[in-house]
$ cat model.pdb   # PDB, C-alpha atoms
ATOM      1  CA  MET A   1      45.961 -70.052  -5.689
ATOM      2  CA  THR A   2      43.061 -72.133  -4.371
ATOM      3  CA  ALA A   3      41.086 -71.355  -1.217
ATOM      4  CA  ILE A   4      43.002 -74.091   0.609
ATOM      5  CA  GLU A   5      46.337 -72.537  -0.353
ATOM      6  CA  GLN A   6      45.216 -69.013   0.492
ATOM      7  CA  ALA A   7      46.794 -67.307   3.470
ATOM      8  CA  TYR A   8      44.168 -66.004   5.858
ATOM      9  CA  ASP A   9      44.700 -62.996   8.114
ATOM     10  CA  VAL A  10      42.116 -62.519  10.850
ATOM     11  CA  PHE A  11      43.116 -58.867  11.211
ATOM     12  CA  GLU A  12      42.067 -58.065   7.637
ATOM     13  CA  ASP A  13      38.512 -56.718   7.475
ATOM     14  CA  ARG A  14      37.388 -58.939   4.595
ATOM     15  CA  CYS A  15      39.010 -62.141   5.763
ATOM     16  CA  PRO A  16      36.479 -65.014   5.970
ATOM     17  CA  THR A  17      37.969 -66.072   9.291
ATOM     18  CA  ARG A  18      36.016 -63.220  10.838
ATOM     19  CA  LEU A  19      32.771 -64.975   9.976
ATOM     20  CA  VAL A  20      33.979 -68.102  11.731
ATOM     21  CA  LEU A  21      34.960 -66.079  14.804
ATOM     22  CA  ASP A  22      31.551 -64.423  14.737
ATOM     23  CA  ARG A  23      29.895 -67.856  14.852
ATOM     24  CA  LEU A  24      32.152 -69.090  17.639
ATOM     25  CA  ALA A  25      31.897 -65.929  19.749
ATOM     26  CA  ASP A  26      28.178 -66.569  20.219
ATOM     27  CA  LYS A  27      27.406 -67.738  23.771
ATOM     28  CA  TRP A  28      24.932 -70.344  22.553
ATOM     29  CA  ALA A  29      27.438 -71.842  20.117
ATOM     30  CA  LEU A  30      30.060 -72.106  22.856
ATOM     31  CA  LEU A  31      27.626 -73.734  25.263
ATOM     32  CA  ILE A  32      26.423 -76.219  22.641
ATOM     33  CA  LEU A  33      29.960 -77.153  21.626
ATOM     34  CA  ASP A  34      30.925 -77.602  25.282
ATOM     35  CA  ARG A  35      27.825 -79.734  25.905
ATOM     36  CA  LEU A  36      28.594 -82.008  22.954
ATOM     37  CA  LYS A  37      32.157 -82.761  24.081
ATOM     38  CA  SER A  38      30.990 -85.814  26.042
ATOM     39  CA  GLY A  39      29.255 -87.423  23.062
ATOM     40  CA  PRO A  40      26.134 -87.328  20.883
ATOM     41  CA  VAL A  41      23.063 -85.663  22.374
ATOM     42  CA  ARG A  42      19.450 -85.330  21.258
ATOM     43  CA  PHE A  43      17.926 -81.927  20.492
ATOM     44  CA  ASN A  44      15.596 -81.821  23.509
ATOM     45  CA  HIS A  45      18.344 -82.977  25.832
ATOM     46  CA  ILE A  46      20.517 -80.044  24.708
ATOM     47  CA  ARG A  47      17.562 -77.715  25.222
ATOM     48  CA  ARG A  48      16.994 -79.005  28.766
ATOM     49  CA  ASP A  49      20.697 -78.803  29.646
ATOM     50  CA  ILE A  50      21.251 -75.249  28.370
ATOM     51  CA  LYS A  51      18.828 -73.190  30.432
ATOM     52  CA  GLY A  52      17.329 -70.165  28.710
ATOM     53  CA  ILE A  53      17.882 -71.172  25.089
ATOM     54  CA  SER A  54      14.733 -71.163  23.001
ATOM     55  CA  GLN A  55      13.850 -73.942  20.590
ATOM     56  CA  LYS A  56      14.216 -71.512  17.667
ATOM     57  CA  VAL A  57      17.660 -70.233  18.707
ATOM     58  CA  LEU A  58      18.877 -73.761  19.422
ATOM     59  CA  ALA A  59      17.768 -74.936  15.965
ATOM     60  CA  GLN A  60      19.381 -71.918  14.264
ATOM     61  CA  THR A  61      22.645 -72.326  16.165
ATOM     62  CA  LEU A  62      22.816 -76.051  15.477
ATOM     63  CA  ARG A  63      22.296 -75.382  11.750
ATOM     64  CA  LYS A  64      25.108 -72.798  11.718
ATOM     65  CA  LEU A  65      27.481 -75.129  13.543
ATOM     66  CA  GLU A  66      26.581 -77.963  11.178
ATOM     67  CA  ARG A  67      27.081 -75.743   8.122
ATOM     68  CA  ASN A  68      30.551 -74.823   9.373
ATOM     69  CA  GLY A  69      31.462 -78.479   9.800
ATOM     70  CA  LEU A  70      31.721 -78.367  13.606
ATOM     71  CA  ILE A  71      28.830 -80.695  14.406
ATOM     72  CA  SER A  72      27.009 -83.496  12.636
ATOM     73  CA  ARG A  73      23.347 -84.391  12.719
ATOM     74  CA  THR A  74      22.202 -87.991  12.590
ATOM     75  CA  ILE A  75      18.552 -88.834  11.966
ATOM     76  CA  PHE A  76      17.194 -92.176  13.188
ATOM     77  CA  PRO A  77      14.011 -93.546  11.534
ATOM     78  CA  THR A  78      12.032 -94.014  14.733
ATOM     79  CA  VAL A  79       8.526 -92.871  15.649
ATOM     80  CA  PRO A  80       8.831 -90.050  16.413
ATOM     81  CA  VAL A  81      12.042 -89.355  14.499
ATOM     82  CA  THR A  82      15.130 -89.191  16.716
ATOM     83  CA  VAL A  83      17.860 -86.671  15.886
ATOM     84  CA  GLU A  84      21.268 -86.645  17.550
ATOM     85  CA  TYR A  85      23.992 -84.041  17.332
ATOM     86  CA  ALA A  86      27.690 -84.737  17.795
ATOM     87  CA  LEU A  87      31.003 -82.988  17.330
ATOM     88  CA  THR A  88      32.775 -83.690  14.053
ATOM     89  CA  PRO A  89      36.530 -84.276  14.027
ATOM     90  CA  LEU A  90      36.911 -80.559  13.209
ATOM     91  CA  GLY A  91      34.587 -79.637  16.086
ATOM     92  CA  ARG A  92      36.601 -81.812  18.464
ATOM     93  CA  THR A  93      39.666 -79.687  17.741
ATOM     94  CA  LEU A  94      37.854 -76.886  19.605
ATOM     95  CA  THR A  95      36.926 -78.914  22.701
ATOM     96  CA  ASP A  96      39.776 -77.776  24.949
ATOM     97  CA  THR A  97      39.551 -74.156  23.821
ATOM     98  CA  VAL A  98      35.773 -73.907  24.210
ATOM     99  CA  SER A  99      35.813 -75.654  27.583
ATOM    100  CA  ALA A 100      38.598 -73.408  28.849
ATOM    101  CA  LEU A 101      36.721 -70.280  27.773
ATOM    102  CA  THR A 102      33.304 -71.253  29.114
ATOM    103  CA  HIS A 103      34.618 -72.491  32.435
ATOM    104  CA  TRP A 104      37.044 -69.551  32.737
ATOM    105  CA  ALA A 105      33.954 -67.354  33.026
ATOM    106  CA  GLU A 106      32.615 -69.518  35.873
ATOM    107  CA  LYS A 107      35.901 -69.413  37.763
ATOM    108  CA  ASN A 108      36.422 -65.667  37.399
ATOM    109  CA  MET A 109      32.964 -64.164  37.934
ATOM    110  CA  ASP A 110      33.759 -62.841  41.431
ATOM    111  CA  ALA A 111      36.813 -60.992  40.085
ATOM    112  CA  ILE A 112      34.780 -59.638  37.156
ATOM    113  CA  PHE A 113      32.014 -58.423  39.479
ATOM    114  CA  ALA A 114      34.617 -56.743  41.700
ATOM    115  CA  ALA A 115      36.195 -55.029  38.678
ATOM    116  CA  GLN A 116      32.782 -53.838  37.492
ATOM    117  CA  ARG A 117      31.958 -52.404  40.923
ATOM    118  CA  ALA A 118      35.325 -50.645  41.112
ATOM    119  CA  TYR A 119      34.881 -49.200  37.633
ATOM    120  CA  ASP A 120      31.325 -48.070  38.347
ATOM    121  CA  GLU A 121      32.414 -46.399  41.597
ATOM    122  CA  ALA A 122      35.349 -44.652  39.897
ATOM    123  CA  TYR A 123      33.210 -43.355  37.040
ATOM    124  CA  ALA A 124      29.941 -42.670  38.894
ATOM    125  CA  ASP A 125      28.297 -39.387  37.980
TER     126      ASP A 125
END

$ encode --input "model.pdb" --output "structure tokens"
Amino acid sequence: MTAIEQAYDVFEDRCPTRLVLDRLADKWALLILDRLKSGPVRFNHIRRDIKGISQKVLAQTLRKLERNGLISRTIFPTVPVTVEYALTPLGRTLTDTVSALTHWAEKNMDAIFAAQRAYDEAYAD
């Protein structure tokens, strides 16, 4: 049985799907994927759009997403060199899911804060 024919089970501890979920569960990866849904973007533009991400973390996250086939990197021979990142066809299959998750957090923060306050009050020392 080849890797393509193999049945994967995310609930099994050694299943490689867990590594993919680990990559996608990262907040920076989700924000980058959501940012790229509207088309190719340059490195510095991503960095300006996603407040708080460092240059190092952005570069590392982009490399991981590229390695997993979710984004592509195109280098243009300009001075200085221009690099653009875009979703691959595989990455585009995540667009709706990633957008729903990231924007769900925006829409539900008041309810989450209320739940946290209620929990903290109920379990205060």

$ atom_distance --input "model.pdb" --atom1 "atom CA of A:Arg23" --atom2 "atom CA of A:Arg92"
15.9 Å

$ resolve_selection --input "model.pdb" --expression "the PyMOL selection byres ((chain A and resi 67-83) around 12)" --output "ChimeraX atom specification"
/A:16-17,19-24,29-30,32-37,39-46,59-66,84-95

$ atom_distance --input "model.pdb" --atom1 "atom CA of A:Asp26" --atom2 "atom CA of A:Trp104"
15.6 Å

$ atom_distance --input "model.pdb" --atom1 "atom CA of A:Gly52" --atom2 "atom CA of A:Trp28"
9.8 Å

$ closest_residue --input "model.pdb" --among "A:Leu31, A:Glu106, A:Ala122, A:Ser38" --to "A:Ile53" --atoms "only C-alpha atoms"
A:Leu31
